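Note: the block below is final.cif and it holds mmCIF, C-alpha atoms.
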data_data
#
loop_
_atom_site.label_atom_id
_atom_site.label_comp_id
_atom_site.auth_asym_id
_atom_site.auth_seq_id
_atom_site.Cartn_x
_atom_site.Cartn_y
_atom_site.Cartn_z
CA MET A 1 81.24 61.30 47.13
CA TYR A 2 82.37 60.12 50.56
CA LYS A 3 85.41 57.87 50.67
CA ILE A 4 85.69 54.81 52.91
CA LEU A 5 88.96 55.25 54.81
CA THR A 6 88.75 52.13 56.97
CA LYS A 7 86.69 48.94 56.87
CA LYS A 8 86.69 46.42 59.72
CA GLU A 9 84.46 43.43 60.44
CA LEU A 10 83.63 43.51 64.16
CA SER A 11 81.70 40.25 64.15
CA GLN A 12 79.90 38.16 61.55
CA GLY A 13 77.74 40.52 59.51
CA VAL A 14 78.66 43.60 61.57
CA GLN A 15 80.86 46.12 59.78
CA LEU A 16 82.70 49.27 60.88
CA PHE A 17 83.33 51.97 58.27
CA GLU A 18 85.34 55.12 58.84
CA ILE A 19 84.10 57.65 56.27
CA GLU A 20 85.83 60.81 55.09
CA ALA A 21 83.30 63.55 55.89
CA PRO A 22 85.06 66.63 57.34
CA LEU A 23 82.04 68.94 57.47
CA ILE A 24 79.96 66.38 59.37
CA ALA A 25 82.87 65.50 61.67
CA LYS A 26 83.23 69.18 62.54
CA LYS A 27 79.66 69.37 63.87
CA ALA A 28 78.88 65.81 65.04
CA GLN A 29 77.90 65.16 68.66
CA PRO A 30 77.10 61.98 70.61
CA GLY A 31 73.56 60.76 69.95
CA GLN A 32 73.24 62.12 66.42
CA PHE A 33 72.90 60.10 63.21
CA VAL A 34 73.55 60.22 59.49
CA ILE A 35 71.59 59.01 56.48
CA VAL A 36 73.56 57.03 53.92
CA ARG A 37 72.69 56.38 50.27
CA ILE A 38 75.07 54.11 48.41
CA ASP A 39 74.23 55.23 44.86
CA GLU A 40 71.49 56.86 42.80
CA ASP A 41 69.30 53.77 43.00
CA GLY A 42 69.89 53.17 46.70
CA GLU A 43 67.50 53.63 49.59
CA ARG A 44 68.25 55.91 52.51
CA ILE A 45 69.80 54.11 55.48
CA PRO A 46 69.76 55.90 58.89
CA LEU A 47 72.80 55.02 61.03
CA THR A 48 73.74 56.44 64.41
CA ILE A 49 77.21 57.99 64.59
CA ALA A 50 79.52 55.59 66.44
CA ASP A 51 82.50 57.96 66.56
CA PHE A 52 83.91 61.11 65.02
CA ASN A 53 87.41 62.49 64.56
CA ARG A 54 87.45 66.24 63.99
CA ASP A 55 91.20 66.39 63.28
CA LYS A 56 91.02 63.62 60.71
CA GLY A 57 87.67 64.78 59.36
CA SER A 58 86.05 61.37 59.63
CA ILE A 59 82.85 59.74 60.87
CA THR A 60 82.62 56.14 62.04
CA ILE A 61 79.47 54.12 61.41
CA ILE A 62 78.73 50.57 62.50
CA PHE A 63 75.96 48.56 60.87
CA GLN A 64 74.61 45.04 60.67
CA GLU A 65 73.95 43.42 57.31
CA VAL A 66 70.27 42.55 57.64
CA GLY A 67 68.79 43.34 54.22
CA GLY A 68 69.67 44.05 50.61
CA SER A 69 70.85 47.62 51.15
CA THR A 70 73.02 46.96 54.20
CA LYS A 71 74.48 43.88 52.53
CA GLN A 72 75.33 45.98 49.48
CA LEU A 73 76.91 48.57 51.78
CA GLY A 74 78.91 45.82 53.46
CA ASP A 75 80.28 44.71 50.08
CA LEU A 76 82.10 48.03 49.66
CA ASN A 77 85.80 48.20 50.50
CA GLU A 78 88.39 50.71 51.62
CA GLY A 79 88.88 53.27 48.87
CA ASP A 80 85.32 52.94 47.57
CA SER A 81 82.95 55.88 47.89
CA ILE A 82 79.36 56.43 48.98
CA LEU A 83 77.18 58.85 47.02
CA ASP A 84 75.28 60.50 49.89
CA PHE A 85 76.27 60.87 53.53
CA VAL A 86 73.98 63.41 55.21
CA GLY A 87 74.27 64.72 58.74
CA PRO A 88 74.67 65.24 61.56
CA LEU A 89 70.93 64.79 62.09
CA GLY A 90 68.81 64.63 65.23
CA LYS A 91 69.35 66.20 68.62
CA ALA A 92 72.59 65.49 70.45
CA THR A 93 72.69 63.77 73.82
CA HIS A 94 72.48 66.16 76.75
CA ILE A 95 75.80 65.72 78.51
CA GLU A 96 76.71 67.27 81.84
CA LYS A 97 78.11 66.21 85.20
CA MET A 98 75.32 64.31 86.98
CA GLY A 99 76.95 61.66 89.16
CA ASN A 100 76.55 57.95 88.47
CA VAL A 101 75.52 57.34 84.86
CA VAL A 102 74.66 53.85 83.62
CA CYS A 103 75.09 53.34 79.85
CA ILE A 104 73.43 50.21 78.46
CA GLY A 105 74.04 48.85 74.97
CA GLY A 106 72.27 45.80 73.58
CA GLY A 107 73.81 44.09 70.55
CA ILE A 108 74.81 46.62 67.92
CA GLY A 109 73.34 49.31 70.22
CA VAL A 110 76.74 49.39 71.90
CA ALA A 111 77.99 51.40 68.90
CA PRO A 112 75.93 54.57 69.55
CA VAL A 113 76.35 54.12 73.33
CA TYR A 114 80.14 54.38 73.03
CA PRO A 115 80.45 58.12 72.20
CA ILE A 116 77.79 58.90 74.82
CA ALA A 117 79.69 57.00 77.52
CA ARG A 118 82.88 58.78 76.48
CA GLY A 119 81.19 62.18 76.63
CA MET A 120 79.69 61.44 80.04
CA LYS A 121 83.09 60.36 81.35
CA GLN A 122 84.77 63.48 79.98
CA ALA A 123 82.11 65.58 81.75
CA GLY A 124 83.23 64.12 85.08
CA ASN A 125 80.62 61.43 85.65
CA HIS A 126 81.18 57.98 87.14
CA VAL A 127 80.25 55.85 84.14
CA ILE A 128 79.05 52.27 84.52
CA SER A 129 78.44 50.45 81.26
CA ILE A 130 76.41 47.30 80.69
CA MET A 131 76.91 45.46 77.40
CA GLY A 132 74.52 42.75 76.30
CA ALA A 133 74.62 40.24 73.45
CA ARG A 134 73.27 36.82 72.54
CA ASN A 135 76.76 35.32 72.88
CA GLU A 136 80.42 36.27 73.20
CA SER A 137 81.12 36.04 69.46
CA ILE A 138 78.90 39.02 68.64
CA LEU A 139 80.07 41.38 71.39
CA ILE A 140 81.50 44.57 69.89
CA LEU A 141 83.65 47.47 71.13
CA GLU A 142 84.51 45.81 74.45
CA GLU A 143 87.97 47.37 74.57
CA GLU A 144 86.64 50.80 73.63
CA MET A 145 83.89 50.69 76.27
CA ASN A 146 86.38 49.68 78.95
CA ALA A 147 88.51 52.69 78.04
CA VAL A 148 85.68 55.19 78.65
CA SER A 149 83.94 53.52 81.60
CA ASP A 150 84.77 53.20 85.29
CA LYS A 151 83.20 49.75 85.27
CA VAL A 152 81.91 47.47 82.52
CA TYR A 153 79.50 44.57 83.01
CA ILE A 154 78.88 42.04 80.25
CA THR A 155 75.78 39.90 79.92
CA THR A 156 75.15 37.17 77.36
CA ASP A 157 72.01 35.17 76.77
CA ASP A 158 73.95 31.89 76.76
CA GLY A 159 76.46 32.72 79.48
CA SER A 160 79.44 32.44 77.10
CA LYS A 161 80.85 35.62 78.68
CA GLY A 162 79.98 37.59 81.79
CA HIS A 163 76.61 37.18 83.47
CA LYS A 164 74.22 34.70 81.92
CA GLY A 165 71.03 36.63 81.39
CA PHE A 166 69.93 40.08 80.33
CA VAL A 167 71.17 43.64 80.79
CA THR A 168 68.21 44.28 83.09
CA ASP A 169 69.49 41.59 85.48
CA GLN A 170 72.72 43.52 85.95
CA LEU A 171 70.89 46.83 86.15
CA LYS A 172 68.64 45.46 88.89
CA MET A 173 71.70 44.27 90.83
CA LEU A 174 73.20 47.75 90.66
CA ILE A 175 69.97 49.30 91.91
CA ASP A 176 69.61 46.73 94.70
CA SER A 177 73.19 47.42 95.80
CA GLY A 178 72.08 50.88 96.87
CA LEU A 179 73.97 52.75 94.18
CA GLU A 180 72.46 56.18 93.62
CA ILE A 181 71.97 56.35 89.86
CA SER A 182 71.46 59.78 88.31
CA LEU A 183 70.73 58.63 84.77
CA VAL A 184 70.32 55.47 82.70
CA ILE A 185 70.82 55.58 78.93
CA ALA A 186 69.79 52.50 76.97
CA ILE A 187 70.18 51.79 73.25
CA GLY A 188 69.42 48.51 71.54
CA PRO A 189 66.47 46.36 70.47
CA VAL A 190 63.12 47.92 71.32
CA VAL A 191 62.16 45.02 73.59
CA MET A 192 65.37 45.56 75.57
CA MET A 193 64.79 49.30 75.92
CA ARG A 194 61.24 48.63 77.08
CA SER A 195 62.53 46.21 79.72
CA VAL A 196 65.06 48.77 80.94
CA ALA A 197 62.32 51.40 81.16
CA GLU A 198 60.08 49.09 83.20
CA THR A 199 62.98 48.24 85.52
CA THR A 200 63.81 51.86 86.32
CA ARG A 201 60.25 53.18 86.34
CA GLN A 202 59.42 51.78 89.78
CA TYR A 203 62.49 53.48 91.26
CA GLY A 204 61.94 56.82 89.58
CA ILE A 205 65.37 56.72 87.90
CA LYS A 206 65.59 59.05 84.91
CA THR A 207 65.99 56.91 81.80
CA ILE A 208 66.70 57.90 78.20
CA VAL A 209 66.35 55.67 75.14
CA SER A 210 67.37 56.25 71.53
CA LEU A 211 64.71 55.29 69.01
CA ASN A 212 65.31 54.26 65.43
CA PRO A 213 61.90 53.53 63.92
CA ILE A 214 61.31 53.58 60.17
CA MET A 215 63.04 56.67 58.74
CA VAL A 216 62.99 57.94 55.18
CA ASP A 217 64.06 61.56 54.76
CA GLY A 218 65.43 62.35 58.24
CA THR A 219 63.93 65.86 58.25
CA GLY A 220 60.46 65.23 59.71
CA MET A 221 58.71 65.70 56.36
CA CYS A 222 57.61 62.11 55.66
CA GLY A 223 56.23 61.17 59.08
CA GLY A 224 57.62 57.65 58.82
CA CYS A 225 59.44 57.89 62.16
CA ARG A 226 56.40 59.03 64.15
CA VAL A 227 56.38 57.81 67.77
CA GLN A 228 54.02 58.46 70.66
CA VAL A 229 55.76 60.05 73.63
CA GLY A 230 53.44 60.84 76.49
CA ASN A 231 50.35 62.43 74.96
CA GLU A 232 52.18 63.78 71.93
CA SER A 233 53.23 62.47 68.55
CA LYS A 234 56.93 63.03 67.96
CA PHE A 235 59.24 62.49 65.00
CA ALA A 236 62.33 60.54 66.03
CA CYS A 237 64.48 62.15 63.34
CA VAL A 238 63.99 65.77 64.43
CA ASP A 239 62.55 65.61 67.97
CA GLY A 240 64.87 62.75 68.94
CA PRO A 241 66.24 60.21 68.50
CA GLU A 242 66.48 60.30 72.32
CA PHE A 243 63.36 60.39 74.48
CA ASP A 244 62.24 59.89 78.07
CA ALA A 245 61.90 56.10 78.27
CA HIS A 246 59.05 56.30 80.75
CA GLN A 247 56.96 58.31 78.28
CA VAL A 248 57.51 56.22 75.13
CA ASP A 249 54.68 54.05 73.80
CA PHE A 250 56.81 50.97 73.18
CA ASN A 251 53.87 48.80 72.17
CA GLY A 252 52.95 51.24 69.41
CA LEU A 253 56.57 51.49 68.31
CA MET A 254 56.92 47.71 68.10
CA SER A 255 53.70 47.51 66.11
CA ARG A 256 55.03 50.04 63.57
CA GLN A 257 58.27 48.10 63.25
CA ARG A 258 56.35 44.94 62.41
CA MET A 259 54.49 46.64 59.55
CA TYR A 260 57.14 45.80 56.96
CA LYS A 261 58.56 42.62 58.45
CA THR A 262 56.99 40.36 55.84
CA GLN A 263 58.24 42.50 52.96
CA GLU A 264 61.75 42.67 54.43
CA ALA A 265 61.94 38.92 54.91
CA ALA A 266 60.72 38.26 51.38
CA HIS A 267 62.83 40.91 49.65
CA GLU A 268 66.07 39.01 49.02
CA CYS A 269 68.46 40.44 46.49
CA GLN A 270 67.19 39.29 43.09
CA CYS A 271 70.77 39.05 41.85
CA GLU A 272 71.50 36.37 44.44
CA LYS A 273 68.46 34.40 43.26
CA GLN A 274 69.59 34.73 39.65
CA GLY A 275 73.20 33.89 40.45
CA LYS A 276 74.48 37.27 39.33
CA ALA A 277 77.42 38.99 40.99
CA LYS A 278 75.95 41.23 43.66
CA GLY A 279 76.93 44.82 43.09
CA GLY A 280 77.76 44.22 39.41
CA ASP A 281 76.69 46.45 36.55
CA SER A 282 73.46 44.51 36.05
CA CYS A 283 72.47 44.51 39.73
CA GLN A 284 69.46 46.71 40.42
CA CYS A 285 68.60 45.31 43.86
CA HIS A 286 68.83 48.02 46.49
CA SER A 287 65.73 47.33 48.58
CA HIS A 288 66.13 46.67 52.27
#

Before anything else, please render the file you have as structure tokens.
Amino acid sequence: MYKILTKKELSQGVQLFEIEAPLIAKKAQPGQFVIVRIDEDGERIPLTIADFNRDKGSITIIFQEVGGSTKQLGDLNEGDSILDFVGPLGKATHIEKMGNVVCIGGGIGVAPVYPIARGMKQAGNHVISIMGARNESILILEEEMNAVSDKVYITTDDGSKGHKGFVTDQLKMLIDSGLEISLVIAIGPVVMMRSVAETTRQYGIKTIVSLNPIMVDGTGMCGGCRVQVGNESKFACVDGPEFDAHQVDFNGLMSRQRMYKTQEAAHECQCEKQGKAKGGDSCQCHSH
């Protein structure tokens, strides 16, 4: 069992958990992920590692409550325990001194970008971070990103904070300013990552994205996280989750993500429909 040491609501429906997991904390690197299972009846939930503390033996995860399983996870409190917490999985981010590195996080994608930006800064890079969100109220980790970046730009769809527009608007301004960018790393909604890739493609700027398609076992056995990269089929869980953005078939990835949209939208927790206390002894609803 893995104990929840800290619980914090970052914005409405977005939770931060610090989990006691010393063996994972000892090995974790930026870019890797864990798979969480709340209890014996729970589904596997892949979550990118948002932070790790080797001295304390803890892993920080940040997740958005979007379905039955993540809502059930969000109902847990400090002192509660999670049955399974497996990791670190996936390949770590390649970090070295490169020059000017632009780290882009869209929405909750800021969470996995944070340890990458920190690692790039520690390696001696000039780190410029771009954070995007629909509005100011759902921006997360602003203080943390400022602490590990030389410069932070904020964009919001409604203009409630920073530049009104998209992360690609700010990225284009940086490119047009003549800044020599060695690497762009983008994590967030697939449509955002695709837009970033198309923006940098014409300039030949190396761009990396982190993909989180449908995952089940996290070991490459099920094939659920298959993505087309260049002329090859890759498994995001073992070959990634990071890939060359200019080689990713984003259209195919978006199509795969839409496969279960109807089921997800229709699969509300049956306990809520029946008026039962969610998470109670009689609750058997763990589907995402």

Next on the checklist: Running the PyMOL selection byres ((chain A and resi 45) around 9) on this model by hand, what would come out? Give it as an MDAnalysis selection string.
Outcome noted: chainID A and resid 34:38 42:44 46:47 69:70 215:216 288

Convert the current residue selection to file output with C-alpha atoms, as a PDB file, in the coordinates of the input.
ATOM      1  CA  VAL A  34      73.550  60.220  59.490  1.00  0.00           C
ATOM      2  CA  ILE A  35      71.590  59.010  56.480  1.00  0.00           C
ATOM      3  CA  VAL A  36      73.560  57.030  53.920  1.00  0.00           C
ATOM      4  CA  ARG A  37      72.690  56.380  50.270  1.00  0.00           C
ATOM      5  CA  ILE A  38      75.070  54.110  48.410  1.00  0.00           C
ATOM      6  CA  GLY A  42      69.890  53.170  46.700  1.00  0.00           C
ATOM      7  CA  GLU A  43      67.500  53.630  49.590  1.00  0.00           C
ATOM      8  CA  ARG A  44      68.250  55.910  52.510  1.00  0.00           C
ATOM      9  CA  PRO A  46      69.760  55.900  58.890  1.00  0.00           C
ATOM     10  CA  LEU A  47      72.800  55.020  61.030  1.00  0.00           C
ATOM     11  CA  SER A  69      70.850  47.620  51.150  1.00  0.00           C
ATOM     12  CA  THR A  70      73.020  46.960  54.200  1.00  0.00           C
ATOM     13  CA  MET A 215      63.040  56.670  58.740  1.00  0.00           C
ATOM     14  CA  VAL A 216      62.990  57.940  55.180  1.00  0.00           C
ATOM     15  CA  HIS A 288      66.130  46.670  52.270  1.00  0.00           C
TER      16      HIS A 288
END

Checklist entry - At what distance in Å, to one decimal, does atom CA of A:Val184 lie from atom CA of A:Gln228? => result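 For atom CA of A:Gln228 relative to atom CA of A:Val184, the distance reads 20.5 Å.
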
Next on the checklist: Can you pull out the residues contacting stretch 12-28 of chain A? Cut-off 10 Å, using all atoms listed in the file, and skip same-chain residues under 4 positions away; I want them as a PyMOL selection string.
Outcome noted: chain A and resi 1-8+32-34+49-66+70-71+73-82+85-89+92+108+111+137-138+140

Item to check | the PyMOL selection byres ((chain A and resi 143-154) around 9) resolved against shown file, as a ChimeraX atom specification | outcome: /A:110,113-115,117-122,126-133,139-142,155-156,161-164,167,170

Next on the checklist: Under the PyMOL selection byres ((chain A and resi 95) around 9), which residues of this model are included? Write them out as a list in words.
Outcome noted: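 Checked against the file, the PyMOL selection byres ((chain A and resi 95) around 9) matches Pro30, Ala92, Thr93, His94, Glu96, Lys97, Met98, Ile116, Gly119, Met120 and Ala123 of chain A.
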
Next on the checklist: To one decimal place in Å, what is the distance between atom CA of A:Leu174 and atom CA of A:Ile187?
Outcome noted: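 Result for atom CA of A:Leu174 versus atom CA of A:Ile187: 18.1 Å, one decimal.
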
Checklist entry - Can you list, as a PyMOL selection string, every protein, DNA or RNA residue that comes within 7 Å of A:Asp244 when you count all atoms listed in the file, leaving out same-chain residues fewer than 4 positions away? => result chain A and resi 207-209+248

Next on the checklist: Please determine, counting all atoms listed in the file, which residue among A:Tyr203, A:Ser255, A:Ala197, A:Ser210 has the shortest atom-to-atom distance to A:Cys237.
Outcome noted: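 Checking each of A:Tyr203, A:Ser255, A:Ala197, A:Ser210 against A:Cys237, counting all atoms listed in the file, the winner is A:Ser210.
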
Item to check | Of the listed residues A:Gly230, A:Gly124, A:Asp84, A:Ser11, that which approaches A:Asp39 most closely, counting all atoms listed in the file | outcome: A:Asp84

Next on the checklist: For a test of reading the model, state the distance in Å between atom CA of A:Gly106 and atom CA of A:Gly223, rounded to one decimal.
Outcome noted: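 Between atom CA of A:Gly106 and atom CA of A:Gly223 the gap works out to 26.5 Å.
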